[in-house]
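Read through the structure below, which is laid out as structure tokens, and then see the notes.
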Amino acid sequence: MGRVGRPHGLDGAFVVEDASEDPARFEVGASLLVSGQPATVVVSRRVGGGRRAIKLDRPVARGAELAVNRDELAPLEPGAYYVSDLVGLVVEENGNALGVVADVLPGEANDNLELDSGLLVPLVEDAVAEVDLDGRRILLNVGFMA
């Protein structure tokens, strides 16, 4: 859902970095996990650039990961994935491993898989033949990276 960013104001609030697009995640009273431990949002406000600043019911370290339990996420349409589903999958083309998904970078036209090898792979049908979550791999169309 994001990370604890720089402080905002004098009340203990902080800017949420890489914030979820779901505003309900940061409403007052919302529960979330900070580095795996439960916390509750006690202050929530919009700040410059449409970013979100929140304060939690306990102190948290800058850079800490903000998350929710998997069962609290909305169901996805077929062919859609959460970033956490894709990170760690091996990307293969024609039986050759090109790297492991380190992150998914949002883009204007499409998202991109950032591999630990430094490659960027557009997350589009022309590139991706199959996402095999059970097999922990993403198969690319043959010849796409050639």
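All residue names refer to the structure tokens as shown: chains lettered A, B, ... in order, residues numbered from 1 in each chain, ligands numbered from 1 in order.
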Determine, counting only C-alpha atoms, which protein, DNA and RNA residues have an atom within 12 Å of an atom of A:Asn141; residues of the same chain fewer than 3 positions away are not included. Present the result as a ChimeraX atom specification. /A:91-96,121-131,138,144-146
Dump C-alpha atoms for the selected residues as an mmCIF file, in the first residue's frame?
```cif
data_model
loop_
_atom_site.group_PDB
_atom_site.id
_atom_site.type_symbol
_atom_site.label_atom_id
_atom_site.label_comp_id
_atom_site.auth_asym_id
_atom_site.auth_seq_id
_atom_site.Cartn_x
_atom_site.Cartn_y
_atom_site.Cartn_z
ATOM 1 C CA VAL A 91 10.665 -14.260 -16.431
ATOM 2 C CA GLU A 92 11.462 -16.672 -19.265
ATOM 3 C CA GLU A 93 11.648 -16.409 -23.021
ATOM 4 C CA ASN A 94 11.911 -19.605 -25.062
ATOM 5 C CA GLY A 95 13.099 -21.565 -21.994
ATOM 6 C CA ASN A 96 15.788 -19.034 -21.042
ATOM 7 C CA VAL A 121 9.586 -5.777 -19.849
ATOM 8 C CA PRO A 122 6.323 -4.045 -20.821
ATOM 9 C CA LEU A 123 3.354 -5.723 -19.190
ATOM 10 C CA VAL A 124 1.357 -6.029 -22.436
ATOM 11 C CA GLU A 125 -0.027 -8.943 -24.450
ATOM 12 C CA ASP A 126 2.575 -8.430 -27.198
ATOM 13 C CA ALA A 127 5.282 -9.254 -24.644
ATOM 14 C CA VAL A 128 3.682 -11.554 -22.070
ATOM 15 C CA ALA A 129 2.359 -14.903 -23.270
ATOM 16 C CA GLU A 130 1.425 -16.281 -19.845
ATOM 17 C CA VAL A 131 1.566 -15.450 -16.150
ATOM 18 C CA ILE A 138 6.105 -15.365 -16.527
ATOM 19 C CA PHE A 144 9.954 -10.422 -28.056
ATOM 20 C CA MET A 145 13.247 -9.605 -26.326
ATOM 21 C CA ALA A 146 15.453 -10.627 -29.272
#
```
Hey, what's within 8 Å of A:Val28 if we count only C-alpha atoms and toss same-chain stuff fewer than 5 positions away? As number ranges by chain, please? A: 40-44
Would you please give, as JSON, numbers by chain, all residues of chain A that DSSP assigns to strand (DSSP E) based on the backbone? {"A": [2, 3, 4, 5, 6, 7, 14, 15, 16, 17, 31, 32, 33, 34, 37, 38, 39, 40, 41, 42, 43, 44, 45, 46, 52, 53, 54, 55, 56, 65, 66, 67, 90, 91, 92, 93, 96, 97, 98, 99, 100, 101, 102, 103, 104, 105, 112, 113, 114, 115, 120, 121, 122, 128, 129, 130, 131, 132, 137, 138, 139, 140]}
Which one of A:Ala102, A:Leu133, A:Ala19, A:Leu76 sits closest to A:Glu114 if you count only C-alpha atoms?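 Residue with the minimum atom-to-atom distance to A:Glu114: A:Ala102.
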I'd like the contact shell of A:Arg62 - 9 Å cut-off, only C-alpha atoms, skipping same-chain residues fewer than 3 positions apart - returned as a VMD selection string. chain A and resid 3 to 7 14 65
Just the residues within 12 Å of A:Val87, please, counting only C-alpha atoms, with nothing from its chain fewer than 5 positions along; format it as number ranges by chain. A: 81-82, 99-105, 112-116, 131, 133, 136-138
Name all residues at most 9 Å from A:Gly12 (count only C-alpha atoms; drop same-chain ones fewer than 2 positions away) and give them as a count of residues only. 9
Find the residues around A:Ala67 up to 8 Å (only C-alpha atoms counted), leave out those fewer than 2 positions away in its own chain, and share them as a PyMOL selection string. chain A and resi 1-2+32-36+65+69
For a test of reading the model, state the distance in Å between atom CA of A:Ala64 and atom CA of A:Gln37, rounded to one decimal.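 These atoms are spaced 10.6 Å apart.
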Residue set, chain A restricted to alpha helix (DSSP H), as a list in words: Val83, Ser84, Asp85 and Leu86 of chain A
What is the distance, in Å and to one decimal place, between atom CA of A:Leu140 and atom CA of A:Val83? 17.7 Å
Computed interatomic separation between atom CA of A:Pro38 and atom CA of A:Asp85 (Å): 21.9 Å
